[in-house]
file final.cif (mmCIF, C-alpha atoms and all ligand atoms)
data_query
#
loop_
_atom_site.group_PDB
_atom_site.id
_atom_site.type_symbol
_atom_site.label_atom_id
_atom_site.label_comp_id
_atom_site.auth_asym_id
_atom_site.auth_seq_id
_atom_site.Cartn_x
_atom_site.Cartn_y
_atom_site.Cartn_z
ATOM 1 C CA MET A 30 8.257 34.539 -3.555
ATOM 2 C CA LEU A 31 9.976 35.619 -6.751
ATOM 3 C CA ALA A 32 9.482 32.103 -8.015
ATOM 4 C CA HIS A 33 5.748 32.282 -7.216
ATOM 5 C CA GLY A 34 5.619 35.628 -9.023
ATOM 6 C CA LEU A 35 6.933 34.037 -12.187
ATOM 7 C CA LEU A 36 4.247 31.353 -12.271
ATOM 8 C CA PRO A 37 1.658 33.333 -14.313
ATOM 9 C CA LEU A 38 4.253 34.111 -16.992
ATOM 10 C CA GLY A 39 5.185 30.473 -17.143
ATOM 11 C CA TYR A 40 1.521 29.622 -17.488
ATOM 12 C CA TYR A 41 1.149 32.088 -20.366
ATOM 13 C CA THR A 42 4.145 30.647 -22.170
ATOM 14 C CA GLY A 43 2.753 27.186 -21.600
ATOM 15 C CA MET A 44 -0.585 28.197 -23.081
ATOM 16 C CA CYS A 45 1.202 29.547 -26.191
ATOM 17 C CA PHE A 46 2.190 25.995 -26.972
ATOM 18 C CA ALA A 47 -0.781 24.167 -25.498
ATOM 19 C CA ALA A 48 -3.443 26.268 -27.205
ATOM 20 C CA PRO A 49 -2.078 27.559 -30.514
ATOM 21 C CA GLU A 50 -5.609 28.430 -31.685
ATOM 22 C CA LYS A 51 -5.696 31.331 -29.231
ATOM 23 C CA GLN A 52 -2.858 32.943 -31.228
ATOM 24 C CA LEU A 53 -1.008 33.890 -28.077
ATOM 25 C CA PHE A 54 2.333 34.109 -29.892
ATOM 26 C CA TYR A 55 1.158 37.189 -31.717
ATOM 27 C CA PHE A 56 0.341 39.485 -28.898
ATOM 28 C CA TYR A 57 -1.887 41.856 -30.943
ATOM 29 C CA GLN A 58 -4.067 39.051 -32.204
ATOM 30 C CA ALA A 59 -4.705 37.527 -28.796
ATOM 31 C CA SER A 60 -8.049 38.219 -27.099
ATOM 32 C CA GLU A 61 -8.500 41.064 -24.580
ATOM 33 C CA GLY A 62 -8.485 38.751 -21.577
ATOM 34 C CA TRP A 63 -5.190 37.203 -22.571
ATOM 35 C CA LYS A 64 -3.611 40.611 -23.194
ATOM 36 C CA ILE A 65 -4.483 41.675 -19.649
ATOM 37 C CA PHE A 66 -3.238 38.391 -18.305
ATOM 38 C CA PHE A 67 0.053 38.794 -20.141
ATOM 39 C CA LEU A 68 0.568 42.317 -18.796
ATOM 40 C CA LEU A 69 -0.134 41.134 -15.246
ATOM 41 C CA ALA A 70 2.217 38.237 -15.740
ATOM 42 C CA ILE A 71 4.957 40.719 -16.625
ATOM 43 C CA LEU A 72 4.010 43.136 -13.858
ATOM 44 C CA VAL A 73 3.955 40.730 -10.920
ATOM 45 C CA PRO A 74 7.564 39.514 -11.227
ATOM 46 C CA THR A 75 8.717 43.087 -11.855
ATOM 47 C CA VAL A 76 7.094 44.280 -8.639
ATOM 48 C CA THR A 77 8.447 41.358 -6.614
ATOM 49 C CA GLY A 78 11.858 41.945 -8.194
ATOM 50 C CA ILE A 79 11.842 45.587 -7.087
ATOM 51 C CA LEU A 80 10.639 44.539 -3.648
ATOM 52 C CA ALA A 81 13.427 41.975 -3.356
ATOM 53 C CA TYR A 82 15.941 44.628 -4.393
ATOM 54 C CA TYR A 83 14.599 47.018 -1.738
ATOM 55 C CA TRP A 84 14.806 44.310 0.924
ATOM 56 C CA SER A 85 18.380 43.460 0.003
ATOM 57 C CA GLN A 86 19.524 47.047 0.628
ATOM 58 C CA ASN A 87 21.681 47.557 3.752
ATOM 59 C CA GLY A 88 22.447 43.869 3.923
ATOM 60 C CA TRP A 89 18.795 42.676 3.979
ATOM 61 C CA ASP A 90 17.922 44.996 6.876
ATOM 62 C CA ASN A 91 14.651 45.898 5.168
ATOM 63 C CA HIS A 92 13.464 42.348 4.701
ATOM 64 C CA PRO A 93 10.301 41.615 6.747
ATOM 65 C CA LEU A 94 12.076 38.658 8.288
ATOM 66 C CA ALA A 95 14.901 40.887 9.492
ATOM 67 C CA ARG A 96 12.392 43.343 10.876
ATOM 68 C CA THR A 97 10.519 40.617 12.705
ATOM 69 C CA LEU A 98 13.745 39.459 14.281
ATOM 70 C CA ALA A 99 14.850 43.017 15.077
ATOM 71 C CA PHE A 100 11.927 43.347 17.511
ATOM 72 C CA HIS A 101 13.657 40.802 19.720
ATOM 73 C CA ALA A 102 17.130 42.253 19.484
ATOM 74 C CA LEU A 103 18.795 43.743 22.518
ATOM 75 C CA PRO A 104 19.407 47.505 22.190
ATOM 76 C CA GLN A 105 23.102 47.164 21.349
ATOM 77 C CA SER A 106 22.817 44.282 18.899
ATOM 78 C CA GLY A 107 20.923 43.795 15.677
ATOM 79 C CA TRP A 108 18.678 41.178 14.142
ATOM 80 C CA ARG A 109 21.696 39.125 13.137
ATOM 81 C CA ALA A 110 22.381 38.286 16.782
ATOM 82 C CA VAL A 111 18.798 37.051 17.115
ATOM 83 C CA ALA A 112 19.088 35.052 13.915
ATOM 84 C CA SER A 113 22.276 33.366 15.060
ATOM 85 C CA SER A 114 20.747 32.553 18.449
ATOM 86 C CA ILE A 115 17.790 30.940 16.706
ATOM 87 C CA ASN A 116 20.119 29.102 14.360
ATOM 88 C CA THR A 117 22.193 27.725 17.205
ATOM 89 C CA GLU A 118 19.160 26.510 19.116
ATOM 90 C CA PHE A 119 17.535 25.158 15.992
ATOM 91 C CA ARG A 120 20.467 22.803 15.489
ATOM 92 C CA ARG A 121 19.984 21.231 18.916
ATOM 93 C CA ILE A 122 18.241 17.915 18.798
ATOM 94 C CA ASP A 123 16.024 18.593 21.799
ATOM 95 C CA LYS A 124 13.876 21.203 20.053
ATOM 96 C CA PHE A 125 10.163 20.564 19.700
ATOM 97 C CA THR A 126 8.735 20.602 16.185
ATOM 98 C CA THR A 127 5.320 19.796 14.839
ATOM 99 C CA GLY A 128 2.964 20.645 11.992
ATOM 100 C CA ALA A 129 2.928 20.300 8.242
ATOM 101 C CA PRO A 130 5.724 21.929 6.194
ATOM 102 C CA GLY A 131 3.371 24.832 5.353
ATOM 103 C CA ALA A 132 2.768 25.679 9.023
ATOM 104 C CA ARG A 133 5.662 24.405 11.045
ATOM 105 C CA VAL A 134 5.861 25.074 14.777
ATOM 106 C CA ILE A 135 9.274 25.058 16.399
ATOM 107 C CA VAL A 136 9.975 25.505 20.088
ATOM 108 C CA THR A 137 13.561 25.862 21.235
ATOM 109 C CA ASP A 138 14.961 26.760 24.652
ATOM 110 C CA THR A 139 14.407 30.487 24.141
ATOM 111 C CA TRP A 140 12.111 30.832 21.162
ATOM 112 C CA VAL A 141 8.681 29.835 19.946
ATOM 113 C CA MET A 142 8.322 30.059 16.176
ATOM 114 C CA LYS A 143 5.701 29.387 13.590
ATOM 115 C CA VAL A 144 6.906 29.209 10.008
ATOM 116 C CA THR A 145 4.428 29.360 7.151
ATOM 117 C CA THR A 146 5.099 29.784 3.448
ATOM 118 C CA TYR A 147 5.007 33.574 3.545
ATOM 119 C CA SER A 148 5.472 34.483 7.166
ATOM 120 C CA LEU A 149 7.476 33.877 10.265
ATOM 121 C CA HIS A 150 6.163 34.395 13.781
ATOM 122 C CA VAL A 151 8.759 34.551 16.480
ATOM 123 C CA ALA A 152 8.228 35.050 20.168
ATOM 124 C CA GLN A 153 10.598 34.810 23.058
ATOM 125 C CA GLN A 154 9.599 32.173 25.593
ATOM 126 C CA GLN A 155 9.997 34.485 28.581
ATOM 127 C CA ASP A 156 7.551 37.028 27.102
ATOM 128 C CA ILE A 157 4.682 34.789 26.203
ATOM 129 C CA HIS A 158 1.384 33.592 27.590
ATOM 130 C CA LEU A 159 -0.023 30.444 26.090
ATOM 131 C CA THR A 160 -3.680 29.604 26.123
ATOM 132 C CA VAL A 161 -5.492 26.579 24.802
ATOM 133 C CA THR A 162 -8.394 28.131 22.926
ATOM 134 C CA ASP A 163 -9.929 25.340 20.938
ATOM 135 C CA SER A 164 -9.909 21.632 20.326
ATOM 136 C CA ARG A 165 -11.220 19.607 17.468
ATOM 137 C CA GLN A 166 -11.714 15.886 17.678
ATOM 138 C CA HIS A 167 -11.728 13.533 14.766
ATOM 139 C CA GLU A 168 -13.521 10.329 15.641
ATOM 140 C CA LEU A 169 -12.389 6.848 14.831
ATOM 141 C CA SER A 170 -13.521 6.218 11.308
ATOM 142 C CA PRO A 171 -12.761 3.597 8.668
ATOM 143 C CA ASP A 172 -10.439 5.897 6.714
ATOM 144 C CA SER A 173 -8.484 7.457 9.581
ATOM 145 C CA ASN A 174 -7.262 4.640 11.733
ATOM 146 C CA MET A 175 -6.677 6.623 14.902
ATOM 147 C CA PRO A 176 -8.868 9.066 16.733
ATOM 148 C CA VAL A 177 -7.085 12.404 16.872
ATOM 149 C CA GLN A 178 -7.621 15.607 18.765
ATOM 150 C CA PHE A 179 -6.160 18.861 17.504
ATOM 151 C CA LEU A 180 -5.515 21.694 19.923
ATOM 152 C CA THR A 181 -5.267 25.334 19.020
ATOM 153 C CA ILE A 182 -2.962 27.285 21.294
ATOM 154 C CA ARG A 183 -2.789 31.059 21.201
ATOM 155 C CA VAL A 184 0.660 32.512 21.741
ATOM 156 C CA ALA A 185 0.467 36.095 22.994
ATOM 157 C CA SER A 186 3.564 38.105 23.798
ATOM 158 C CA ILE A 187 3.981 41.007 26.189
ATOM 159 C CA ASN A 188 6.309 42.500 23.579
ATOM 160 C CA PRO A 189 4.007 45.014 21.839
ATOM 161 C CA TYR A 190 5.691 44.484 18.472
ATOM 162 C CA VAL A 191 4.940 40.800 18.444
ATOM 163 C CA LYS A 192 1.488 39.953 17.168
ATOM 164 C CA ALA A 193 -0.301 37.055 18.804
ATOM 165 C CA PHE A 194 -0.438 33.914 16.720
ATOM 166 C CA ASP A 195 -2.039 30.485 16.884
ATOM 167 C CA ILE A 196 -0.250 27.192 16.816
ATOM 168 C CA ARG A 197 -1.973 23.908 16.194
ATOM 169 C CA LEU A 198 -0.875 20.508 17.378
ATOM 170 C CA ASN A 199 -1.990 16.977 18.029
ATOM 171 C CA SER A 200 -3.049 16.414 21.651
ATOM 172 C CA THR A 201 -0.583 13.554 22.011
ATOM 173 C CA GLU A 202 2.236 16.085 21.499
ATOM 174 C CA TYR A 203 0.917 18.344 24.223
ATOM 175 C CA GLY A 204 3.000 16.777 26.994
ATOM 176 C CA GLU A 205 6.159 17.152 24.975
ATOM 177 C CA LEU A 206 5.394 20.801 24.232
ATOM 178 C CA ARG A 207 4.714 21.539 27.900
ATOM 179 C CA GLU A 208 8.061 20.059 28.849
ATOM 180 C CA LYS A 209 9.854 22.312 26.380
ATOM 181 C CA LEU A 210 8.116 25.462 27.592
ATOM 182 C CA HIS A 211 9.100 27.329 30.725
ATOM 183 C CA ALA A 212 5.717 28.998 31.012
ATOM 184 C CA PRO A 213 2.504 27.199 31.976
ATOM 185 C CA ILE A 214 -0.219 26.776 29.372
ATOM 186 C CA ARG A 215 -3.582 28.149 30.418
ATOM 187 C CA ASN A 216 -6.671 26.278 29.423
ATOM 188 C CA ALA A 217 -9.242 28.998 28.768
ATOM 189 C CA ALA A 218 -11.950 26.976 27.108
ATOM 190 C CA ASN A 219 -11.712 24.144 29.672
ATOM 191 C CA VAL A 220 -10.720 21.907 26.848
ATOM 192 C CA VAL A 221 -10.299 18.294 27.907
ATOM 193 C CA ILE A 222 -6.943 17.288 26.514
ATOM 194 C CA HIS A 223 -6.670 13.646 25.582
ATOM 195 C CA GLN A 224 -3.036 12.739 25.704
ATOM 196 C CA SER A 225 -3.333 9.029 25.183
ATOM 197 C CA LEU A 226 -5.103 6.820 22.728
ATOM 198 C CA SER A 227 -7.272 5.260 25.459
ATOM 199 C CA ASP A 228 -8.425 8.711 26.570
ATOM 200 C CA LEU A 229 -9.436 9.470 23.023
ATOM 201 C CA PHE A 230 -11.102 6.137 22.597
ATOM 202 C CA LEU A 231 -13.147 6.540 25.768
ATOM 203 C CA GLU A 232 -14.835 9.583 24.295
ATOM 204 C CA THR A 233 -15.742 7.725 21.119
ATOM 205 C CA PHE A 234 -16.913 4.710 23.128
ATOM 206 C CA THR A 235 -19.187 6.843 25.298
ATOM 207 C CA SER A 236 -20.764 8.635 22.368
ATOM 208 C CA LEU A 237 -21.461 5.351 20.589
ATOM 209 C CA VAL A 238 -22.941 3.646 23.645
ATOM 210 C CA GLU A 239 -25.216 6.625 24.192
ATOM 211 C CA ILE A 240 -27.002 5.925 20.925
ATOM 212 C CA ASN A 241 -27.434 2.218 21.699
ATOM 213 C CA GLN A 242 -30.663 0.791 23.106
ATOM 214 C CA THR A 243 -31.104 1.425 26.802
ATOM 215 C CA TYR A 244 -31.855 -1.259 29.397
ATOM 216 C CA PRO A 245 -34.831 -0.751 31.713
ATOM 217 C CA VAL A 246 -33.878 -2.094 35.112
ATOM 218 C CA PRO A 247 -36.643 -3.771 37.151
ATOM 219 C CA SER A 248 -37.785 -1.335 39.826
ATOM 220 C CA ASN A 249 -37.043 -3.760 42.684
ATOM 221 C CA GLN A 250 -33.389 -4.089 41.682
ATOM 222 C CA GLU A 251 -30.959 -1.851 43.574
ATOM 223 C CA LEU A 252 -27.934 -0.651 41.642
ATOM 224 C CA GLU A 253 -24.646 -1.272 43.418
ATOM 225 C CA PRO A 254 -21.517 0.866 43.163
ATOM 226 C CA CYS A 255 -19.356 0.016 40.137
ATOM 227 C CA ILE A 256 -16.824 -2.622 41.171
ATOM 228 C CA GLY A 257 -14.197 -0.993 38.986
ATOM 229 C CA CYS A 258 -14.049 2.457 40.525
ATOM 230 C CA MET A 259 -16.462 2.383 43.529
ATOM 231 C CA GLN A 260 -17.183 6.007 42.650
ATOM 232 C CA THR A 261 -20.456 5.824 40.780
ATOM 233 C CA ASN A 262 -23.278 3.329 40.646
ATOM 234 C CA ALA A 263 -23.103 0.580 38.061
ATOM 235 C CA ASN A 264 -25.034 1.731 35.010
ATOM 236 C CA ILE A 265 -24.195 -0.746 32.270
ATOM 237 C CA LYS A 266 -25.874 -3.986 31.261
ATOM 238 C CA LEU A 267 -24.574 -6.169 28.441
ATOM 239 C CA VAL A 268 -27.411 -7.307 26.186
ATOM 240 C CA LYS A 269 -26.736 -9.061 22.913
ATOM 241 C CA ASN A 270 -28.310 -6.672 20.412
ATOM 242 C CA CYS A 271 -25.925 -6.918 17.494
ATOM 243 C CA HIS A 272 -27.337 -10.137 15.994
ATOM 244 C CA GLU A 273 -30.173 -12.610 16.520
ATOM 245 C CA PRO A 274 -29.615 -14.713 19.691
ATOM 246 C CA ASN A 275 -27.878 -17.623 17.928
ATOM 247 C CA GLU A 276 -25.980 -15.687 15.278
ATOM 248 C CA GLY A 277 -22.658 -13.931 15.304
ATOM 249 C CA GLU A 278 -19.755 -14.247 17.666
ATOM 250 C CA CYS A 279 -21.264 -12.374 20.609
ATOM 251 C CA GLN A 280 -22.860 -14.239 23.506
ATOM 252 C CA GLN A 281 -25.515 -13.200 25.994
ATOM 253 C CA CYS A 282 -24.097 -12.147 29.360
ATOM 254 C CA TYR A 283 -26.317 -12.904 32.377
ATOM 255 C CA CYS A 284 -24.387 -10.853 34.911
ATOM 256 C CA ARG A 285 -26.233 -8.226 36.940
ATOM 257 C CA PRO A 286 -25.097 -4.640 36.289
ATOM 258 C CA MET A 287 -21.735 -4.242 37.996
ATOM 259 C CA TRP A 288 -19.825 -1.660 35.968
ATOM 260 C CA CYS A 289 -20.103 1.991 35.096
ATOM 261 C CA LEU A 290 -19.768 3.332 31.555
ATOM 262 C CA THR A 291 -16.243 4.716 32.054
ATOM 263 C CA CYS A 292 -14.881 1.529 33.572
ATOM 264 C CA MET A 293 -16.507 -0.569 30.842
ATOM 265 C CA GLY A 294 -14.923 1.699 28.224
ATOM 266 C CA LYS A 295 -11.507 1.338 29.850
ATOM 267 C CA TRP A 296 -11.943 -2.414 30.000
ATOM 268 C CA PHE A 297 -12.968 -2.483 26.349
ATOM 269 C CA ALA A 298 -9.905 -0.414 25.369
ATOM 270 C CA SER A 299 -7.536 -2.477 27.517
ATOM 271 C CA ARG A 300 -8.518 -5.687 25.731
ATOM 272 C CA GLN A 301 -7.632 -4.313 22.297
ATOM 273 C CA ASP A 302 -4.653 -4.653 20.032
ATOM 274 C CA GLN A 303 -2.807 -1.437 20.901
ATOM 275 C CA GLN A 304 -1.039 -1.413 17.532
ATOM 276 C CA HIS A 305 -4.240 -1.493 15.498
ATOM 277 C CA PRO A 306 -6.746 1.054 16.795
ATOM 278 C CA GLU A 307 -8.675 0.825 13.537
ATOM 279 C CA THR A 308 -9.992 -2.580 14.649
ATOM 280 C CA TRP A 309 -11.146 -1.424 18.076
ATOM 281 C CA LEU A 310 -14.709 -0.471 17.273
ATOM 282 C CA SER A 311 -15.476 -3.645 15.361
ATOM 283 C CA SER A 312 -13.980 -6.132 17.785
ATOM 284 C CA GLN A 313 -15.467 -8.306 20.535
ATOM 285 C CA VAL A 314 -14.167 -8.486 24.077
ATOM 286 C CA PRO A 315 -15.154 -10.792 26.949
ATOM 287 C CA CYS A 316 -17.416 -9.592 29.758
ATOM 288 C CA PRO A 317 -15.094 -8.759 32.698
ATOM 289 C CA THR A 318 -17.055 -11.116 34.954
ATOM 290 C CA CYS A 319 -18.455 -14.073 32.969
ATOM 291 C CA ARG A 320 -16.247 -13.878 29.867
ATOM 292 C CA ALA A 321 -19.214 -13.889 27.462
ATOM 293 C CA LYS A 322 -18.128 -12.037 24.342
ATOM 294 C CA PHE A 323 -19.733 -8.698 23.592
ATOM 295 C CA CYS A 324 -19.298 -5.909 21.075
ATOM 296 C CA ILE A 325 -19.868 -2.179 21.323
ATOM 297 C CA LEU A 326 -23.483 -2.533 20.137
ATOM 298 C CA ASP A 327 -24.270 -4.730 23.119
ATOM 299 C CA VAL A 328 -23.337 -2.166 25.759
ATOM 300 C CA CYS A 329 -26.574 -0.724 27.160
ATOM 301 C CA ILE A 330 -26.975 2.138 29.577
ATOM 302 C CA ILE A 331 -29.447 1.408 32.385
ATOM 303 C CA GLN A 332 -32.492 3.623 32.612
HETATM 304 ZN ZN ZN A 401 -16.602 2.479 37.374
HETATM 305 ZN ZN ZN A 402 -21.108 -11.168 32.034
HETATM 306 ZN ZN ZN A 403 -22.339 -8.095 19.808
#

call {"tool": "encode", "arguments": {"input": "final.cif", "output": "structure tokens"}}
result
Amino acid sequence: MLAHGLLPLGYYTGMCFAAPEKQLFYFYQASEGWKIFFLLAILVPTVTGILAYYWSQNGWDNHPLARTLAFHALPQSGWRAVASSINTEFRRIDKFTTGAPGARVIVTDTWVMKVTTYSLHVAQQQDIHLTVTDSRQHELSPDSNMPVQFLTIRVASINPYVKAFDIRLNSTEYGELREKLHAPIRNAANVVIHQSLSDLFLETFTSLVEINQTYPVPSNQELEPCIGCMQTNANIKLVKNCHEPNEGECQQCYCRPMWCLTCMGKWFASRQDQQHPETWLSSQVPCPTCRAKFCILDVCIIQ
């Protein structure tokens, strides 16, 4: 923090050399704005310096970090005991960590922590309730080669001194987090958590097929149950729509509707190169019954 406080002064000094026409070397000749800036640049590190001095009194007992930790201390011990417990557990290899360096989330056997540049949130596992409050999905797109879902989980503690905080993680890490926690995670918003790539892909597949052309089924044709799941009626017909009949790699499938949207999506995903999800949307797969090749544009929902 002291280092951040010194930045403006460094900037001012830099400007002295970079912009000599502003006459910043001679303080009295510099413009009003620069004078104010210079004073602030002096003031900020002074204040942070005093603050740092105050924190360091009584062996850093006044430091916000020490105070945060002190909330978890047992009556007869101080924040140092908490710090050493966290340190010990942090060194174990089985801890769970996620997030960018600016907002790191660490879960150890006893503690849940979120470390940001200026703050530290610590909660004891036995005191907390976790709730999934939000999810954000990033679709497959040319520049991000995997679909990702980010979950926001609220960590609330029954310890009144511990403020609730949010942690954010990739849905594929959710299983790992749940294993590390002793408490269950509630799902308040009924968020569907996609833990695998195929789960994530299915959502993208469905949303893309929904904007494709639909297929009007002749009124005398009865729809049979999907032969994949036997749960719902077949509602997909493959019609070559991506190119003119004799162009492209796709072929016309003449099978009657036999599959539902979910099963077709799973089939589509299962026939893909699992190492290269970025190719999934643009690839062709064979019809599960007649082996005619089709692409995602050729999947039509029956109306
Ligand atoms: Zn099905
Ligand atoms: Zn077919
Ligand atoms: Zn096609």

call {"tool": "atom_distance", "arguments": {"input": "final.cif", "atom1": "atom CA of Ser85 of chain A", "atom2": "atom CA of Ala102 of chain A"}}
result
19.6 Å

call {"tool": "resolve_selection", "arguments": {"input": "final.cif", "expression": "the PyMOL selection byres (((chain A and resi 225) around 12) and not hetatm)", "output": "list of chain:residue names"}}
result
A:Met175, A:Pro176, A:Val177, A:Gln178, A:Asn199, A:Ser200, A:Thr201, A:Glu202, A:Tyr203, A:Gly204, A:Val221, A:Ile222, A:His223, A:Gln224, A:Leu226, A:Ser227, A:Asp228, A:Leu229, A:Phe230, A:Leu231, A:Glu232, A:Ala298, A:Gln303

call {"tool": "residues_near_ligand", "arguments": {"input": "final.cif", "ligand": "ligand ZN 401 (chain A)", "cutoff": "12 Å", "atoms": "only C-alpha atoms and all ligand atoms", "output": "NGL selection string"}}
result
:A and (253-265 or 286-296)

call {"tool": "axis_aligned_box", "arguments": {"input": "final.cif", "around": "segment 173-187 of chain A", "padding_each_side": "5 Å", "output": "JSON"}}
result
{"center_x": -2.4, "center_y": 22.8, "center_z": 17.9, "size_x": 22.8, "size_y": 46.4, "size_z": 26.6}

call {"tool": "residues_near_ligand", "arguments": {"input": "final.cif", "ligand": "ligand ZN 403 (chain A)", "cutoff": "10 Å", "atoms": "all atoms listed in the file", "output": "PDB file with C-alpha atoms, keeping the file's coordinate frame"}}
result
ATOM      1  CA  LEU A 267     -24.574  -6.169  28.441  1.00  0.00           C
ATOM      2  CA  VAL A 268     -27.411  -7.307  26.186  1.00  0.00           C
ATOM      3  CA  LYS A 269     -26.736  -9.061  22.913  1.00  0.00           C
ATOM      4  CA  ASN A 270     -28.310  -6.672  20.412  1.00  0.00           C
ATOM      5  CA  CYS A 271     -25.925  -6.918  17.494  1.00  0.00           C
ATOM      6  CA  HIS A 272     -27.337 -10.137  15.994  1.00  0.00           C
ATOM      7  CA  GLU A 273     -30.173 -12.610  16.520  1.00  0.00           C
ATOM      8  CA  PRO A 274     -29.615 -14.713  19.691  1.00  0.00           C
ATOM      9  CA  GLU A 276     -25.980 -15.687  15.278  1.00  0.00           C
ATOM     10  CA  GLY A 277     -22.658 -13.931  15.304  1.00  0.00           C
ATOM     11  CA  GLU A 278     -19.755 -14.247  17.666  1.00  0.00           C
ATOM     12  CA  CYS A 279     -21.264 -12.374  20.609  1.00  0.00           C
ATOM     13  CA  GLN A 280     -22.860 -14.239  23.506  1.00  0.00           C
ATOM     14  CA  GLN A 281     -25.515 -13.200  25.994  1.00  0.00           C
ATOM     15  CA  SER A 311     -15.476  -3.645  15.361  1.00  0.00           C
ATOM     16  CA  SER A 312     -13.980  -6.132  17.785  1.00  0.00           C
ATOM     17  CA  GLN A 313     -15.467  -8.306  20.535  1.00  0.00           C
ATOM     18  CA  VAL A 314     -14.167  -8.486  24.077  1.00  0.00           C
ATOM     19  CA  LYS A 322     -18.128 -12.037  24.342  1.00  0.00           C
ATOM     20  CA  PHE A 323     -19.733  -8.698  23.592  1.00  0.00           C
ATOM     21  CA  CYS A 324     -19.298  -5.909  21.075  1.00  0.00           C
ATOM     22  CA  ILE A 325     -19.868  -2.179  21.323  1.00  0.00           C
ATOM     23  CA  LEU A 326     -23.483  -2.533  20.137  1.00  0.00           C
ATOM     24  CA  ASP A 327     -24.270  -4.730  23.119  1.00  0.00           C
ATOM     25  CA  VAL A 328     -23.337  -2.166  25.759  1.00  0.00           C
TER      26      VAL A 328
END

call {"tool": "closest_atom_pairs", "arguments": {"input": "final.cif", "of": "chain A", "to": "ligand ZN 402 (chain A)", "cutoff": "7 Å", "atoms": "all atoms listed in the file", "output": "Markdown table"}}
result
| residue | atom | partner | partner_atom | distance |
| --- | --- | --- | --- | --- |
| A:Cys282 | CA | A:ZN402 | ZN | 4.1 |
| A:Tyr283 | CA | A:ZN402 | ZN | 5.5 |
| A:Cys284 | CA | A:ZN402 | ZN | 4.4 |
| A:Cys316 | CA | A:ZN402 | ZN | 4.6 |
| A:Pro317 | CA | A:ZN402 | ZN | 6.5 |
| A:Thr318 | CA | A:ZN402 | ZN | 5.0 |
| A:Cys319 | CA | A:ZN402 | ZN | 4.0 |
| A:Arg320 | CA | A:ZN402 | ZN | 6.0 |
| A:Ala321 | CA | A:ZN402 | ZN | 5.6 |

call {"tool": "resolve_selection", "arguments": {"input": "final.cif", "expression": "the PyMOL selection byres (((chain A and resi 95) around 12) and not hetatm)", "output": "PyMOL selection string"}}
result
chain A and resi 84-94+96-102+107-113+148-151

call {"tool": "write_last_selection", "arguments": {"input": "final.cif", "atoms": "C-alpha atoms", "output": "mmCIF file, keeping the file's coordinate frame"}}
result
data_model
loop_
_atom_site.group_PDB
_atom_site.id
_atom_site.type_symbol
_atom_site.label_atom_id
_atom_site.label_comp_id
_atom_site.auth_asym_id
_atom_site.auth_seq_id
_atom_site.Cartn_x
_atom_site.Cartn_y
_atom_site.Cartn_z
ATOM 1 C CA TRP A 84 14.806 44.310 0.924
ATOM 2 C CA SER A 85 18.380 43.460 0.003
ATOM 3 C CA GLN A 86 19.524 47.047 0.628
ATOM 4 C CA ASN A 87 21.681 47.557 3.752
ATOM 5 C CA GLY A 88 22.447 43.869 3.923
ATOM 6 C CA TRP A 89 18.795 42.676 3.979
ATOM 7 C CA ASP A 90 17.922 44.996 6.876
ATOM 8 C CA ASN A 91 14.651 45.898 5.168
ATOM 9 C CA HIS A 92 13.464 42.348 4.701
ATOM 10 C CA PRO A 93 10.301 41.615 6.747
ATOM 11 C CA LEU A 94 12.076 38.658 8.288
ATOM 12 C CA ARG A 96 12.392 43.343 10.876
ATOM 13 C CA THR A 97 10.519 40.617 12.705
ATOM 14 C CA LEU A 98 13.745 39.459 14.281
ATOM 15 C CA ALA A 99 14.850 43.017 15.077
ATOM 16 C CA PHE A 100 11.927 43.347 17.511
ATOM 17 C CA HIS A 101 13.657 40.802 19.720
ATOM 18 C CA ALA A 102 17.130 42.253 19.484
ATOM 19 C CA GLY A 107 20.923 43.795 15.677
ATOM 20 C CA TRP A 108 18.678 41.178 14.142
ATOM 21 C CA ARG A 109 21.696 39.125 13.137
ATOM 22 C CA ALA A 110 22.381 38.286 16.782
ATOM 23 C CA VAL A 111 18.798 37.051 17.115
ATOM 24 C CA ALA A 112 19.088 35.052 13.915
ATOM 25 C CA SER A 113 22.276 33.366 15.060
ATOM 26 C CA SER A 148 5.472 34.483 7.166
ATOM 27 C CA LEU A 149 7.476 33.877 10.265
ATOM 28 C CA HIS A 150 6.163 34.395 13.781
ATOM 29 C CA VAL A 151 8.759 34.551 16.480
#

call {"tool": "closest_atom_pairs", "arguments": {"input": "final.cif", "of": "segment 97-132 of chain A", "to": "segment 194-198 of chain A", "cutoff": "12 Å", "atoms": "all atoms listed in the file", "output": "Markdown table"}}
result
| residue | atom | partner | partner_atom | distance |
| --- | --- | --- | --- | --- |
| A:Phe125 | CA | A:Leu198 | CA | 11.3 |
| A:Thr126 | CA | A:Leu198 | CA | 9.7 |
| A:Thr127 | CA | A:Leu198 | CA | 6.7 |
| A:Gly128 | CA | A:Leu198 | CA | 6.6 |
| A:Ala129 | CA | A:Leu198 | CA | 9.9 |
| A:Ala132 | CA | A:Ile196 | CA | 8.5 |

call {"tool": "residues_around", "arguments": {"input": "final.cif", "residues": "Asn219 of chain A", "least_positions_apart": "3", "cutoff": "10 Å", "atoms": "all atoms listed in the file", "output": "PyMOL selection string"}}
result
chain A and resi 161-164+215-216+222

call {"tool": "closest_residue", "arguments": {"input": "final.cif", "among": "A:Val191, A:Ile79, A:Ile330, A:Leu72", "to": "Ala152 of chain A", "atoms": "only C-alpha atoms"}}
result
A:Val191

call {"tool": "atom_distance", "arguments": {"input": "final.cif", "atom1": "atom CA of Ile65 of chain A", "atom2": "atom CA of Tyr147 of chain A"}}
result
26.3 Å

call {"tool": "atom_distance", "arguments": {"input": "final.cif", "atom1": "atom CA of Glu118 of chain A", "atom2": "atom CA of Met142 of chain A"}}
result
11.8 Å

call {"tool": "resolve_selection", "arguments": {"input": "final.cif", "expression": "the PyMOL selection byres (((chain A and resi 185) around 8) and not hetatm)", "output": "PyMOL selection string"}}
result
chain A and resi 157-159+183-184+186-187+191-194
